[in-house]
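For reference, my_file.txt (compact mmCIF, C-alpha atoms):
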# COMPACT_ATOMS: atom_id res chain seq x y z
CA MET G 23 18.61 -26.97 -7.66
CA LYS G 24 21.79 -24.91 -8.01
CA PRO G 25 22.93 -23.04 -4.90
CA ALA G 26 22.04 -19.34 -4.99
CA LYS G 27 24.70 -17.03 -6.41
CA THR G 28 26.08 -14.58 -3.88
CA ILE G 29 24.99 -11.06 -4.72
CA GLY G 30 26.03 -7.75 -3.13
CA CYS G 31 23.95 -5.35 -1.01
CA SER G 32 23.18 -2.94 -3.84
CA GLU G 33 21.86 -5.74 -6.07
CA ALA G 34 19.82 -7.18 -3.19
CA LEU G 35 18.36 -3.77 -2.26
CA LYS G 36 17.50 -3.07 -5.89
CA HIS G 37 15.17 -6.06 -5.87
CA LEU G 38 14.15 -6.01 -2.21
CA LEU G 39 10.66 -4.56 -2.62
CA GLU G 40 9.85 -6.89 -5.50
CA TYR G 41 11.09 -9.74 -3.31
CA LEU G 42 8.81 -8.66 -0.46
CA ASP G 43 5.95 -8.26 -2.95
CA GLN G 44 6.58 -11.87 -4.02
CA GLU G 45 7.12 -10.71 -7.57
CA LEU G 46 10.58 -12.18 -8.20
CA ASP G 47 11.17 -15.32 -10.22
CA GLY G 48 12.95 -18.42 -8.88
CA THR G 49 16.63 -17.61 -9.40
CA LYS G 50 16.53 -13.93 -8.46
CA ARG G 51 14.29 -14.72 -5.53
CA ARG G 52 16.78 -17.27 -4.18
CA GLU G 53 19.68 -14.82 -4.61
CA VAL G 54 17.94 -12.05 -2.67
CA LYS G 55 16.76 -14.47 0.02
CA HIS G 56 20.28 -15.87 0.36
CA HIS G 57 21.78 -12.38 0.68
CA ILE G 58 19.26 -11.28 3.32
CA GLU G 59 20.00 -14.38 5.37
CA LEU G 60 23.70 -13.52 5.42
CA CYS G 61 23.70 -9.72 5.65
CA ARG G 62 22.58 -8.14 8.93
CA SER G 63 22.12 -4.68 7.47
CA CYS G 64 19.93 -5.86 4.56
CA PHE G 65 18.03 -8.15 6.92
CA SER G 66 17.16 -5.11 9.09
CA ARG G 67 16.18 -3.15 6.00
CA ALA G 68 13.94 -6.01 4.82
CA GLU G 69 12.30 -6.21 8.26
CA PHE G 70 11.62 -2.49 8.24
CA GLU G 71 10.15 -2.48 4.72
CA GLN G 72 7.97 -5.48 5.58
CA GLY G 73 6.83 -3.73 8.77
CA LEU G 74 5.84 -0.66 6.79
CA LYS G 75 4.04 -2.81 4.22
CA ASP G 76 2.11 -4.55 7.02
CA ARG G 77 1.06 -1.20 8.47
CA LEU G 78 -0.10 0.03 5.06
CA ARG G 79 -2.03 -3.17 4.49
CA LYS G 80 -3.97 -2.55 7.70
CA ALA G 81 -4.84 0.94 6.45
CA GLY G 82 -6.52 -0.72 3.45
CA HIS G 83 -9.54 -1.71 5.53
CA GLU G 84 -12.22 0.75 6.49
CA ARG G 85 -15.16 -0.30 8.62
CA ALA G 86 -18.18 0.03 6.38
CA GLY G 87 -20.68 0.19 9.23
CA ARG G 88 -24.30 -0.97 9.29
CA GLU G 89 -25.73 2.08 7.52
CA PHE G 90 -23.45 1.86 4.50
CA GLU G 91 -23.75 -1.92 4.36
CA ASN G 92 -27.53 -1.48 4.15
CA ARG G 93 -27.15 1.08 1.38
CA ILE G 94 -25.13 -1.40 -0.70
CA LYS G 95 -27.50 -4.27 0.12
CA THR G 96 -30.50 -2.21 -0.94
CA LEU G 97 -28.69 -1.39 -4.18
CA LEU G 98 -27.86 -5.06 -4.78
CA LYS G 99 -31.47 -6.12 -4.23
CA ARG G 100 -32.45 -4.00 -7.22
CA PHE G 101 -30.21 -6.00 -9.56
CA MET V 29 -15.85 -17.12 -18.55
CA ILE V 30 -18.55 -17.84 -16.03
CA GLU V 31 -21.83 -18.87 -17.60
CA THR V 32 -24.23 -17.05 -15.32
CA ILE V 33 -23.63 -15.07 -12.18
CA ASP V 34 -26.12 -15.60 -9.45
CA ARG V 35 -27.19 -12.35 -7.76
CA GLU V 36 -26.89 -13.92 -4.32
CA TRP V 37 -23.36 -15.09 -5.03
CA PHE V 38 -22.47 -11.60 -6.28
CA GLU V 39 -23.91 -10.06 -3.12
CA GLU V 40 -21.91 -12.44 -0.92
CA GLN V 41 -18.68 -11.51 -2.72
CA VAL V 42 -19.32 -7.79 -2.46
CA THR V 43 -20.32 -8.00 1.19
CA SER V 44 -17.20 -9.97 2.12
CA LEU V 45 -15.01 -7.33 0.45
CA LEU V 46 -16.91 -4.30 1.69
CA ASP V 47 -14.27 -3.08 4.18
CA ASP V 48 -11.40 -3.61 1.70
CA LEU V 49 -13.22 -1.87 -1.13
CA LEU V 50 -14.18 1.02 1.12
CA GLY V 51 -10.57 1.25 2.38
CA ALA V 52 -9.30 1.60 -1.19
CA ALA V 53 -12.10 4.02 -2.12
CA MET V 54 -11.32 6.19 0.93
CA ARG V 55 -7.69 6.59 -0.03
CA LEU V 56 -8.48 7.19 -3.68
CA THR V 57 -11.13 9.86 -3.05
CA LYS V 58 -9.73 11.03 0.31
CA ASN V 59 -13.14 11.38 1.92
CA ARG V 60 -15.90 9.11 3.15
CA HIS V 61 -18.77 10.71 1.25
CA ASP V 62 -17.11 10.40 -2.18
CA ALA V 63 -15.78 6.96 -1.24
CA GLU V 64 -19.30 5.67 -0.57
CA ASP V 65 -20.57 7.11 -3.86
CA LEU V 66 -17.61 5.61 -5.72
CA MET V 67 -18.38 2.22 -4.20
CA ALA V 68 -22.07 2.37 -5.12
CA GLU V 69 -21.13 3.31 -8.68
CA SER V 70 -18.50 0.56 -8.89
CA VAL V 71 -20.82 -2.14 -7.58
CA THR V 72 -23.47 -1.10 -10.12
CA LYS V 73 -20.91 -1.16 -12.96
CA ALA V 74 -19.54 -4.49 -11.77
CA TRP V 75 -22.99 -6.06 -11.91
CA GLY V 76 -23.59 -4.55 -15.35
CA SER V 77 -20.36 -6.01 -16.71
CA ARG V 78 -20.47 -9.29 -14.74
CA GLU V 79 -19.94 -11.28 -17.91
CA SER V 80 -16.38 -9.97 -18.08
CA LEU V 81 -15.48 -11.86 -14.89
CA GLU V 82 -13.37 -14.76 -16.17
CA ALA V 83 -13.39 -17.02 -13.14
CA ALA V 84 -15.05 -17.02 -9.75
CA ASP V 85 -11.71 -16.83 -7.90
CA ARG V 86 -10.77 -13.66 -9.85
CA PHE V 87 -13.57 -11.65 -8.28
CA ARG V 88 -11.32 -9.62 -5.96
CA PRO V 89 -8.86 -8.22 -8.60
CA TRP V 90 -11.76 -7.86 -11.04
CA ILE V 91 -13.86 -5.62 -8.77
CA PHE V 92 -10.80 -3.60 -7.70
CA ARG V 93 -10.10 -2.98 -11.36
CA ILE V 94 -13.65 -1.68 -11.81
CA LEU V 95 -13.35 0.52 -8.70
CA THR V 96 -10.04 1.99 -9.91
CA ASN V 97 -11.42 2.61 -13.39
CA CYS V 98 -14.53 4.29 -12.00
CA PHE V 99 -12.35 6.53 -9.89
CA LEU V 100 -9.95 7.45 -12.67
CA THR V 101 -12.74 8.08 -15.18
CA ASP V 102 -14.74 10.11 -12.70
CA CYS V 103 -11.64 12.05 -11.65
CA ARG V 104 -10.79 12.97 -15.19
CA LYS V 105 -14.34 14.11 -15.78
CA ARG V 106 -14.21 16.39 -12.75
CA ALA V 107 -10.62 17.57 -13.00
CA VAL V 108 -10.06 21.23 -13.72
CA ARG V 109 -6.68 20.40 -15.21
CA PRO V 110 -7.16 16.82 -16.32
CA THR V 111 -3.57 16.22 -17.42
CA ALA V 112 -1.95 17.67 -14.31
CA ASP V 113 -1.37 14.29 -12.72
CA VAL V 114 -0.73 12.18 -15.79
CA PRO V 115 2.93 12.47 -16.82
CA VAL V 116 4.37 11.02 -13.61
CA ASP V 117 6.38 8.38 -15.45
CA GLU V 118 8.20 10.96 -17.51
CA VAL V 119 9.41 12.87 -14.48
CA GLY V 120 13.18 12.50 -14.21
CA GLU V 121 13.01 11.14 -10.69
CA GLU V 122 15.46 8.48 -9.69
CA GLU V 123 13.48 5.34 -8.96
CA GLY V 124 12.64 4.97 -5.30
CA ALA V 125 15.64 7.08 -4.43
CA PHE V 126 14.40 8.10 -0.99
CA SER V 127 14.77 5.53 1.77
CA LEU V 128 13.22 6.09 5.18
CA PHE V 129 15.36 3.30 6.58
CA GLU V 130 18.55 5.07 5.54
CA GLU V 131 17.33 8.35 7.02
CA LEU V 132 16.55 6.63 10.31
CA HIS V 133 20.03 5.16 10.30
CA GLN V 134 21.85 8.46 10.26
CA PRO V 135 24.51 8.47 12.99
CA PHE V 136 22.88 11.21 15.08
CA LEU V 137 19.78 9.06 15.48
CA LEU V 138 21.66 5.91 16.39
CA TRP V 139 22.24 6.73 20.03
CA TRP V 140 20.01 4.13 21.47
CA GLY V 141 17.86 1.14 20.58
CA ASN V 142 16.37 0.31 17.22
CA PRO V 143 15.31 3.56 15.57
CA GLU V 144 13.37 2.01 12.68
CA GLN V 145 11.33 -0.20 15.00
CA GLU V 146 10.66 2.77 17.29
CA PHE V 147 9.54 4.69 14.23
CA LEU V 148 7.09 1.98 13.16
CA ASN V 149 5.77 1.66 16.70
CA LYS V 150 4.99 5.37 16.90
CA LEU V 151 3.51 5.62 13.42
CA LEU V 152 -0.22 6.27 13.54
CA ARG V 153 -2.70 5.13 10.95
CA ALA V 154 -3.48 8.82 10.43
CA ASP V 155 0.20 9.41 9.54
CA LEU V 156 0.03 6.71 6.87
CA GLU V 157 -3.26 7.99 5.49
CA ARG V 158 -1.94 11.51 5.28
CA ALA V 159 1.19 10.32 3.44
CA VAL V 160 -0.84 8.26 0.94
CA ASP V 161 -3.23 11.18 0.41
CA SER V 162 -0.32 13.49 -0.39
CA LEU V 163 0.69 11.41 -3.45
CA PRO V 164 -0.31 12.43 -6.99
CA GLU V 165 -3.26 10.42 -8.30
CA ALA V 166 -1.31 7.95 -10.44
CA TYR V 167 1.12 7.16 -7.61
CA ARG V 168 -1.70 6.95 -5.09
CA ALA V 169 -3.59 4.43 -7.20
CA VAL V 170 -0.59 2.11 -7.51
CA VAL V 171 0.19 2.28 -3.76
CA VAL V 172 -3.46 1.64 -2.87
CA LEU V 173 -3.63 -1.43 -5.11
CA ALA V 174 -0.21 -2.86 -4.22
CA ASP V 175 0.32 -1.97 -0.57
CA LEU V 176 -3.13 -1.37 0.87
CA GLU V 177 -4.94 -4.13 -1.04
CA GLY V 178 -2.08 -6.51 -1.85
CA LEU V 179 -2.81 -7.01 -5.55
CA ALA V 180 -0.18 -8.63 -7.79
CA TYR V 181 1.72 -6.46 -10.30
CA ALA V 182 -0.08 -8.13 -13.22
CA GLU V 183 -3.46 -7.39 -11.61
CA ILE V 184 -2.46 -3.75 -11.03
CA ALA V 185 -1.27 -3.48 -14.64
CA GLU V 186 -4.67 -4.69 -15.77
CA SER V 187 -6.47 -2.31 -13.39
CA LEU V 188 -4.56 0.73 -14.58
CA GLY V 189 -4.25 -0.30 -18.22
CA VAL V 190 -0.46 -0.02 -18.24
CA PRO V 191 2.35 -2.59 -18.80
CA VAL V 192 3.75 -4.51 -15.79
CA GLY V 193 7.09 -2.71 -16.24
CA THR V 194 5.31 0.61 -15.70
CA VAL V 195 3.68 -0.72 -12.53
CA ARG V 196 7.12 -1.74 -11.27
CA SER V 197 8.78 1.63 -11.91
CA ARG V 198 5.76 3.69 -10.85
CA LEU V 199 5.49 1.73 -7.61
CA ALA V 200 9.18 2.25 -6.86
CA ARG V 201 8.80 6.01 -7.33
CA ALA V 202 5.53 6.13 -5.44
CA ARG V 203 7.03 4.32 -2.46
CA GLY V 204 10.03 6.66 -2.49
CA ARG V 205 7.65 9.62 -2.36
CA LEU V 206 5.51 8.00 0.31
CA GLN V 207 8.54 7.38 2.52
CA LYS V 208 9.70 10.94 1.99
CA ALA V 209 6.27 12.26 3.02
CA LEU V 210 6.37 10.08 6.15
CA TRP V 211 9.88 11.31 6.95
CA ILE V 212 8.98 15.00 6.55
CA HIS V 213 5.88 14.53 8.69
CA ALA V 214 7.86 12.61 11.31
CA GLN V 215 10.35 15.43 11.55
CA GLU V 216 7.56 17.98 11.94
CA ALA V 217 5.93 15.86 14.64
CA GLY V 218 9.25 15.34 16.43
CA LEU V 219 9.11 11.56 15.91
CA THR V 220 12.72 11.37 14.80
CA LYS V 221 13.88 12.55 18.21
CA LEU V 222 12.49 9.30 19.57
CA ALA V 223 15.81 7.58 19.89
CA THR V 224 17.18 10.39 22.01
CA LYS V 225 14.07 10.57 24.17
CA THR V 226 14.00 6.82 24.68
CA HIS V 227 17.62 6.95 25.72
CA GLU V 228 17.00 9.78 28.18
CA ALA V 229 13.92 8.09 29.63
CA SER V 230 15.75 4.83 30.08
CA HIS V 231 18.71 6.64 31.60
CA GLU V 232 16.43 8.47 34.05
CA ALA V 233 14.68 5.23 34.94
CA SER V 234 17.91 3.50 35.76
CA GLU V 235 19.01 6.53 37.81
CA ASN V 236 15.75 6.29 39.79
CA ASP V 237 16.22 2.56 40.26
CA ARG V 238 19.47 3.22 42.00
CA VAL V 239 17.97 5.71 44.46

What's the structure tokens form of this structure?
Amino acid sequence: MKPAKTIGCSEALKHLLEYLDQELDGTKRREVKHHIELCRSCFSRAEFEQGLKDRLRKAGHERAGREFENRIKTLLKRF
Amino acid sequence: MIETIDREWFEEQVTSLLDDLLGAAMRLTKNRHDAEDLMAESVTKAWGSRESLEAADRFRPWIFRILTNCFLTDCRKRAVRPTADVPVDEVGEEEGAFSLFEELHQPFLLWWGNPEQEFLNKLLRADLERAVDSLPEAYRAVVVLADLEGLAYAEIAESLGVPVGTVRSRLARARGRLQKALWIHAQEAGLTKLATKTHEASHEASENDRV
């Protein structure tokens, strides 16, 4: 495997969210990863964006509760 | 394609995803009552079109696609101005131009500690929900699927019936808007003065320690 090309902050930041979303292909992924490992400022930015993503992910769950669960189960029984 | 779908297996899958599906439905409809109705409708539609499920391990993206479609179809039926939210991609907004991180790094906020970590620590779930709810429908849908439910871009593209490139650009804009909404709310709530307050509190504490 070739060593990752060194890219600048603006190029790394342009692809940062796709990198965190695990949507970058091999080469670009390695370049962004390499940059973040070397650049303190982009590393902090990546940590912040990941932190925000984690918080949003938690907001994606809503406790259904027994009553609603029963409503769905009753509905499913009719299928 | 799966040959036959067992009702019990279907029920198990739905039950295991109940909290996730309801979480997405809540943010799409913005209220519990409509979210529950949307879920009931989606589960019924999912069972009715169970033959379109290609593989057992694709159940999660498949049912989220049905939920999103139900919401968008229902929304358009009810909307007074059905096209009001549609042309988001044509808006001449710079992609993801707003960065919360950069705002938090302005020199006047950098007096003490780690402002972005302080910001995340103080952020309430209600703050996030309010920011997501403030997004136009098309942006909200992409944020719900990508950030709240963790679907892949290709799965989101399929859910929304748009190309992957559109998901990428729409998501960048949606996140920019979301961060801006969080920033405006944080300023209103005085959250951005955190760094100063933390500094003062810590200063006072060390003064007291010396007494």

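Put simply, atom CA of G:Phe65 is 10.2 Å away from atom CA of G:Leu35.
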
Residues of chain V near chain G: apply a cut-off of 9 Å, count only C-alpha atoms, and supply the list as a PDB file with C-alpha atoms, in the coordinates of the input.
ATOM      1  CA  ARG V  35     -27.190 -12.350  -7.760  1.00  0.00           C
ATOM      2  CA  GLU V  36     -26.890 -13.920  -4.320  1.00  0.00           C
ATOM      3  CA  PHE V  38     -22.470 -11.600  -6.280  1.00  0.00           C
ATOM      4  CA  GLU V  39     -23.910 -10.060  -3.120  1.00  0.00           C
ATOM      5  CA  VAL V  42     -19.320  -7.790  -2.460  1.00  0.00           C
ATOM      6  CA  THR V  43     -20.320  -8.000   1.190  1.00  0.00           C
ATOM      7  CA  LEU V  46     -16.910  -4.300   1.690  1.00  0.00           C
ATOM      8  CA  ASP V  47     -14.270  -3.080   4.180  1.00  0.00           C
ATOM      9  CA  ASP V  48     -11.400  -3.610   1.700  1.00  0.00           C
ATOM     10  CA  LEU V  49     -13.220  -1.870  -1.130  1.00  0.00           C
ATOM     11  CA  LEU V  50     -14.180   1.020   1.120  1.00  0.00           C
ATOM     12  CA  GLY V  51     -10.570   1.250   2.380  1.00  0.00           C
ATOM     13  CA  ALA V  52      -9.300   1.600  -1.190  1.00  0.00           C
ATOM     14  CA  MET V  54     -11.320   6.190   0.930  1.00  0.00           C
ATOM     15  CA  ARG V  55      -7.690   6.590  -0.030  1.00  0.00           C
ATOM     16  CA  GLU V  64     -19.300   5.670  -0.570  1.00  0.00           C
ATOM     17  CA  MET V  67     -18.380   2.220  -4.200  1.00  0.00           C
ATOM     18  CA  ALA V  68     -22.070   2.370  -5.120  1.00  0.00           C
ATOM     19  CA  VAL V  71     -20.820  -2.140  -7.580  1.00  0.00           C
ATOM     20  CA  THR V  72     -23.470  -1.100 -10.120  1.00  0.00           C
ATOM     21  CA  TRP V  75     -22.990  -6.060 -11.910  1.00  0.00           C
ATOM     22  CA  GLY V  76     -23.590  -4.550 -15.350  1.00  0.00           C
ATOM     23  CA  PHE V 129      15.360   3.300   6.580  1.00  0.00           C
ATOM     24  CA  GLU V 130      18.550   5.070   5.540  1.00  0.00           C
ATOM     25  CA  GLU V 144      13.370   2.010  12.680  1.00  0.00           C
ATOM     26  CA  GLN V 145      11.330  -0.200  15.000  1.00  0.00           C
ATOM     27  CA  LEU V 148       7.090   1.980  13.160  1.00  0.00           C
ATOM     28  CA  LEU V 151       3.510   5.620  13.420  1.00  0.00           C
ATOM     29  CA  ARG V 153      -2.700   5.130  10.950  1.00  0.00           C
ATOM     30  CA  ALA V 154      -3.480   8.820  10.430  1.00  0.00           C
ATOM     31  CA  LEU V 156       0.030   6.710   6.870  1.00  0.00           C
ATOM     32  CA  GLU V 157      -3.260   7.990   5.490  1.00  0.00           C
ATOM     33  CA  VAL V 172      -3.460   1.640  -2.870  1.00  0.00           C
ATOM     34  CA  ALA V 174      -0.210  -2.860  -4.220  1.00  0.00           C
ATOM     35  CA  ASP V 175       0.320  -1.970  -0.570  1.00  0.00           C
ATOM     36  CA  LEU V 176      -3.130  -1.370   0.870  1.00  0.00           C
ATOM     37  CA  GLU V 177      -4.940  -4.130  -1.040  1.00  0.00           C
ATOM     38  CA  GLY V 178      -2.080  -6.510  -1.850  1.00  0.00           C
ATOM     39  CA  ALA V 180      -0.180  -8.630  -7.790  1.00  0.00           C
ATOM     40  CA  TYR V 181       1.720  -6.460 -10.300  1.00  0.00           C
ATOM     41  CA  ARG V 196       7.120  -1.740 -11.270  1.00  0.00           C
ATOM     42  CA  ALA V 200       9.180   2.250  -6.860  1.00  0.00           C
TER      43      ALA V 200
END

Item to check | Interatomic distance (Å, one decimal) between atom CA of V:Ala209 and atom CA of V:Ala125 | outcome: 13.0 Å

Item to check | Nearest-residue call for V:Glu69, choices V:Glu183, V:Asp102, V:Asp34, V:Asp161, using all atoms listed in the file | outcome: V:Asp102

Checklist entry - Near G:Thr28, counting all atoms listed in the file, which residues have an atom at most 8 Å away, once you skip same-chain residues fewer than 2 positions from it, shown as a PyMOL selection string? => result chain G and resi 26+30+53+56-57

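Picture a line from atom CA of V:Ala185 to atom CA of V:Gly204; it runs 19.4 Å.
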
Next on the checklist: Which residues are close to G:Tyr41, i.e. within 9 Å by all atoms listed in the file, leaving aside same-chain residues fewer than 4 positions away? Reply as a PyMOL selection string.
Outcome noted: chain G and resi 37+45-47+50-51+54-55

Item to check | V:Ile33 environment, 9 Å, only C-alpha atoms, sequence neighbours closer than 4 positions dropped, as a list in words | outcome: Trp37, Phe38, Arg78 and Glu79 of chain V

Write the selection just made, keeping C-alpha atoms, as a short mmCIF file (atom, residue, chain, number, x, y, z; two decimals), keeping the file's coordinate frame?
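Once written, result-v3.cif looks like this:
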data_model
loop_
_atom_site.label_atom_id
_atom_site.label_comp_id
_atom_site.auth_asym_id
_atom_site.auth_seq_id
_atom_site.Cartn_x
_atom_site.Cartn_y
_atom_site.Cartn_z
CA TRP V 37 -23.36 -15.09 -5.03
CA PHE V 38 -22.47 -11.60 -6.28
CA ARG V 78 -20.47 -9.29 -14.74
CA GLU V 79 -19.94 -11.28 -17.91
#

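Using only C-alpha atoms, the nearest neighbour of V:Leu56 within the list V:Thr32, V:Ser197, V:Thr101, V:Thr96 is V:Thr96.
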
Item to check | Residues within 12 Å of (-13.4, -15.8, -11.3), file coords, only C-alpha atoms, listed as a PyMOL selection string | outcome: chain V and resi 29-33+37-38+41+78-91

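Among V:Leu45, V:Cys98, V:Ile212, V:Val160, the residue with the shortest atom-to-atom distance to V:Leu132, counting all atoms listed in the file, is V:Ile212.
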
Produce the centre coordinates and the three edge lengths, each in Å to one decimal, of the box along x, y and z that contains all listed atoms of stretch 85-88 of chain G with 6 Å added on each side, as AutoDock Vina command-line options.
--center_x -19.7 --center_y -0.4 --center_z 7.8 --size_x 21.1 --size_y 13.2 --size_z 14.9

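Proximity ranking of V:His61, V:Arg201, V:Arg158, V:Lys150 relative to V:Ser127 places V:Arg201 first, based on all atoms listed in the file.
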